[in-house]
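The structure under discussion appears below in the form of structure tokens.
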Amino acid sequence: MKEQRVIGIDLGTTNSLAAYMEGEQPVVIPGEDGSHLVPSVVAIPAADSAEAATQRSVVGNGAARYLASSPERVIYSAKRLMGRGLEDVQEELKLFPFRIGDNIQAGEVLRLRVGESEYTPSEISALVLRQLKRNAERYFGAPVTRAVITVPAYFNDAQRQATKDAGRMAGLEVLRLVNEPTAAALAYGLDRQHDGIVAVYDLGGGTFDISILKLHEGIFEVMATNGDTHLGGDDIDNLLIAIALDDIRGEQGTDFRGDRATVQAIRKAVIEAKIALSTQDTALLNIDLPGGGKYQRKIERSQFEALIQPVLDRTAGPCMQALKDAGVSADQIGEVVLVGGSTRIPRVGALVDELFGLSARGKKPHTELNPDEVVALGAAVQADILSAGSLATDNMLLLDVTPLSLGIEALGGVVAKVIQRNSTIPASATEHFTTGVEGQTNVAIHVVQGERELAKDCRSLARFDLKGIPPMSAGLPRIEVKFLIDANGILQVSAREQRSGKQAEIEVKPTYGLTDEQVESMILESFDYAESDIEQRQLIETKNEANTILAAVDKAPLQPAWGQLSEEERIQIVLLRDELSVLKEGEDLKLIRDATSALDKATHRFAELMMDTAVASVLHGQTMESAGSRMGEAPTAPHPFSKAEFE
Amino acid sequence: MTLSSEARPISSNGDSIESSSACWSCGAVLSSAGLTCGVCGHVQPLSSEVNYFEVFGLPRKLRLDVPALEREFYRLSRRLHPDVYARASQQEQEWSLAASSLLNDAYRTLKDPIRRTEYLLKLEGIVSGDEGGTKKEDRVPADLLEEVFELNTQLDEMRMNRKAGEDGGQLHQDLLAAKRGFDAQLKSADLTLETLWTRWDESVDSGDEQSKLAAKDALASLLDRRRYIRNLVNSVNEALGA
């Protein structure tokens with residue numbers, strides 16, 4: 001059997017996508033509708049709804065549609081909640097209208113309630129991953145079970161483990177977690193392998209990363225990385241939403257912050273305005289409020305930039321720290337790569353230019369590759385390196401680092417660091433422990449991650465209970481504990497009592513993690529399609545496609561555009577229609593697929609003619625004009641910067 | 001459940017044991033510290049006592065060509081990194097993980113002059129001040145006693161002033177001057193360090209145990225002194241920057 005393809009996945013806060021190496025180039029795997037991006041949005045239809053009869057979850061654009069009708073059944077930005085506990089996400093939960101599961105204990109994995117069920121963020125991400133896996137399987141016509149998934153470079157151990165767990169739940173063996181900025185560097189490095197120092201500035205929907213890399217003859221050595229896992233486009237959206245809510249309360253005396261559907265409508269409008277302001281000087285917020293009211297406001301680009309500056313300024317500190325840790329100065333950075341949708345904001349490009357003194361040195365940041373796709377493309381490059389590889393990646397090797405120091409809680413609650421941040425991974429450290437009491441058989445070790453002096457200020461990773469130490473006098477046992485951070489940035493621990501040579505038993509209590517059994521129980525049902533199942537499913541999908549196009553062609557003669565086709569064109573369409581009608585009753589996947597695409601091609605001009613007619617009729621309508629006349633009425637006074645005050 | 005009096009860290013001494021065996025894959029005889037087979041290139045299980053110098057096939061000397069070390073690090077990374085063994089057996093993946101983490105730890109330690117020196121002293125049986133999780137009581141180097149005493153008084157005063165909301169312009173100047181003094185001390189310690197490296201390397205070459213011992217002791221006390229000054233500079237920086 002031919003070796004399976006390994007795909008690269010960018011599991012993003014806002015959008016996710018998959019890519020693979022086609023020959024020497026990474027390419028994005030399109031979804032069923034042809035689009036590259038799958039919104040990282042999951043809807044769980046109510047059990048008694050019509051949708052629930054056919055599918056228990058809806059992912060992507062389909063799920064985004066639920067936001068308007070039943071926002072309480074939709075979860076998005078789950079990545080911000082991955083590997084976190086209730087006490088970590090208080091700020092998030094003020095802004096995201098999710099319901100928390102019942103009885104969550106301190107240190108336990110967060111759960112979100114949707115209708116009757118509760119879901120961990122990993123399970124929500126697993127549904128997104130499964131959609132990408134299905135898209136790839138449909139595209140290749142073969143099973144896909146192995147993947148490289150990207151994570152923010154600044155993700156801690158728990159967040160990485162949660163991502164790996166999500167992959168497993170989706171039926172994917174995660175061959176490697178790759179840091180997003182490093183993946184972007186790989187995507188860029190494929191074409192332009194010259195040596196030097198590169199900075200990758202990655203501002204996405206929910207996370208910010210900066211990485212400094214040294215490129216040397218195909219080796220991508222990360223020198224330092226830094227970031228903020230709570231900084232991104234979401235923060236800009238939330239800022240604008242808070243202002244709009246304040247405005248509405250001031251103007252109309254109604255407070256809509258508890259009204260999910262309205263907040264959602266505002267979110268949609270501010271995101272559109274934000275995107276428009278990357279290319280236009282003004283944008284208009286135009287929101288229908290419940291009860292027939294309207295909220296309108298014109299935003300100037302200069303206002304917008306002043307408003308978001310504090311958010312953008314938060315990226316400067318991590319950049320400076322990364323340069324310092326890498327031991328290089330800004331002017332030693334040869335190239336800067338921009339990654340993430342938020343880098344489309346012109347002010348971000350300007351900030352990067354200032355930070356690295358680019359234009360002063362006659363340089364410009366790199367934006368040649370689509371910032372939404374470059375991470376997935378890089379993941380595909382890494383997937384290629386891991387699977388036999390091709391000539392294109394033959395010489396390439398990625399040496400990444402751990403973003404946070406690993407430490408052990410010692411006497412008095414202080415942290416003894418055992419592995420420093422920015423150490424090349426895999427990295428290891430060996431520590432020795434002994435007992436303090438006669439006959440003691442257990443030793444507890446608390447492992448934390450972070451840069452602060454006190455354990456309580458760092459991230460608790462796990463508590464290890466070393467058991468089964470042979471009873472000896474106090475101080476006599478010599479327990480060797482080995483900490484190893486693997487190439488995914490995930491910690492492994494092993495212990496051994498050296499005097500007896502006995503492998504000590506370790507009981508791990510991950511602080512915000514799921515146990516193996518829990519992950520096992522969350523594996524999405526029926527994920528593991530045998531090859532025949534896949535073919536079966538593809539045949540069904542192909543027949544569905546054939547039926548859809550046939551139904552459209554049957555209605556075609558009713559359209560005015562039909563009359564604009566030539567006699568030959570009409571005959572051709574009818575012939576192909578009849579052929580497909582016969583073939584679709586059979587079982588030959590390829591024949592049906594070919595006949596469908598032939599019919600699709602033959603009706604191409606017809607579809608275009610229909611589109612023209614549709615556009616023309618809109619242009620003749622009143623919609624545009626009436627919208628234009630309202631534009632002047634929006635409030636234009638600069639809004640004071642104010643904090644959201646959600647309950 | 002924290003690391004309390006029930007579990008005390010103890011220091012480690014890497015006593016190395018030489019061993020030689022055959023490659024699991026092709027059967028060729030392996031050199032004592034080979035992480036890969038010289039014949040077929042496969043990663044080998046680690047004998048647990050390979051030291052960082054042996055990883056790079058280097059003698060236990062302190063003067064080191066860092067660019068050459070980097071080239072060797074890259075060469076070995078291409079051989080040992082887990083990416084190279086992604087499709088290999090579970091066993092080989094584990095060996096690769098162990099070998100490449102050892103390689104990374106070794107490179108990180110040896111490329112840095114201070115860490116390299118500390119590591120060598122540890123190999124030679126001298127426990128450094130930062131070793132073992134708990135810090136050894138810092139001894140004030142005798143010739144610095146007076147300066148340190150004055151500095152500590154100034155630092156205390158600075159902190160009190162800050163609490164009272166005063167900025168103390170003169171004190172700030174004094175601290176800056178003290179910092180310049182200690183920065184210079186640090187520089188001179190680094191120069192001395194290089195001289196001691198030479199003394200150590202030469203005694204390794206000549207095999208003179210007596211002078212090796214002397215060089216070791218000199219290095220250890222220089223590192224103590226350097227660490228002490230480093231901490232002073234840090235606290236001055238903190239006081240100035242806060």
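Going by the structure tokens order, chains are called A, B, ..., each with residues numbered from 1, while ligands are numbered from 1 in the order shown.
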Stretch 311-420 of chain A residues near stretch 67-80 of chain B within 12 Å, closest pair each, using only C-alpha atoms, as CSV:
```
residue,atom,partner,partner_atom,distance
A:Ile385,CA,B:Arg78,CA,11.9
A:Asp394,CA,B:Arg78,CA,10.8
A:Asn395,CA,B:Arg78,CA,8.9
A:Met396,CA,B:Arg78,CA,8.9
A:Leu397,CA,B:Arg78,CA,7.0
A:Leu398,CA,B:Ser77,CA,9.6
A:Leu399,CA,B:Ser77,CA,8.4
A:Asp400,CA,B:Ser77,CA,11.8
```
Selection from above, C-alpha atoms, as a PDB file, in the first residue's frame, can you write it?
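Writing done, so here's result09.pdb:
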```pdb
ATOM      1  CA  ILE A 385      10.220  16.542   6.342  1.00  0.00           C
ATOM      2  CA  ASP A 394      15.791  17.193   1.892  1.00  0.00           C
ATOM      3  CA  ASN A 395      18.234  19.549   3.549  1.00  0.00           C
ATOM      4  CA  MET A 396      15.829  21.184   5.986  1.00  0.00           C
ATOM      5  CA  LEU A 397      15.896  20.677   9.735  1.00  0.00           C
ATOM      6  CA  LEU A 398      14.020  22.614  12.356  1.00  0.00           C
ATOM      7  CA  LEU A 399      15.587  23.191  15.774  1.00  0.00           C
ATOM      8  CA  ASP A 400      12.984  24.822  17.976  1.00  0.00           C
TER       9      ASP A 400
END
```
* **Exercise answer, chain A residues close to chain B, 8 Å and only C-alpha atoms, as a PyMOL selection string** => chain A and resi 175+219+385-388+397+409-411+413+416+423-428+431-437+443-446+463+475+484+486-487
* Using only C-alpha atoms, determine which residues lie at most 10 Å from A:Arg56, disregarding the query and same-chain residues fewer than 5 positions distant; provide the list as a ChimeraX atom specification. => /A:43-47,51
* **Contact residues around A:Ala598 with only C-alpha atoms at 10 Å, ignoring same-chain residues under 3 positions, as a list in words** => Ile573, Leu576, Arg577, Leu580, Ile592, Arg593, Asp594, Ala595, Lys601, Ala602, Thr603 and His604 of chain A
Write the selection just made, keeping C-alpha atoms, as an mmCIF file, in the first residue's frame?
```cif
data_model
loop_
_atom_site.group_PDB
_atom_site.id
_atom_site.type_symbol
_atom_site.label_atom_id
_atom_site.label_comp_id
_atom_site.auth_asym_id
_atom_site.auth_seq_id
_atom_site.Cartn_x
_atom_site.Cartn_y
_atom_site.Cartn_z
ATOM 1 C CA ILE A 573 -26.467 20.556 -21.483
ATOM 2 C CA LEU A 576 -24.960 15.625 -20.449
ATOM 3 C CA ARG A 577 -27.867 15.894 -18.005
ATOM 4 C CA LEU A 580 -25.503 11.837 -15.572
ATOM 5 C CA ILE A 592 -20.283 9.825 -11.863
ATOM 6 C CA ARG A 593 -17.622 12.314 -10.872
ATOM 7 C CA ASP A 594 -16.506 12.856 -14.493
ATOM 8 C CA ALA A 595 -20.060 13.230 -15.765
ATOM 9 C CA LYS A 601 -18.450 22.804 -17.180
ATOM 10 C CA ALA A 602 -21.178 22.886 -19.808
ATOM 11 C CA THR A 603 -23.381 25.020 -17.562
ATOM 12 C CA HIS A 604 -20.599 27.417 -16.697
#
```
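Using only C-alpha atoms for every distance, the candidate list B:Leu191, B:Val55, B:Ala215, B:Val43 yields B:Val43 as the residue closest to B:Ser89.
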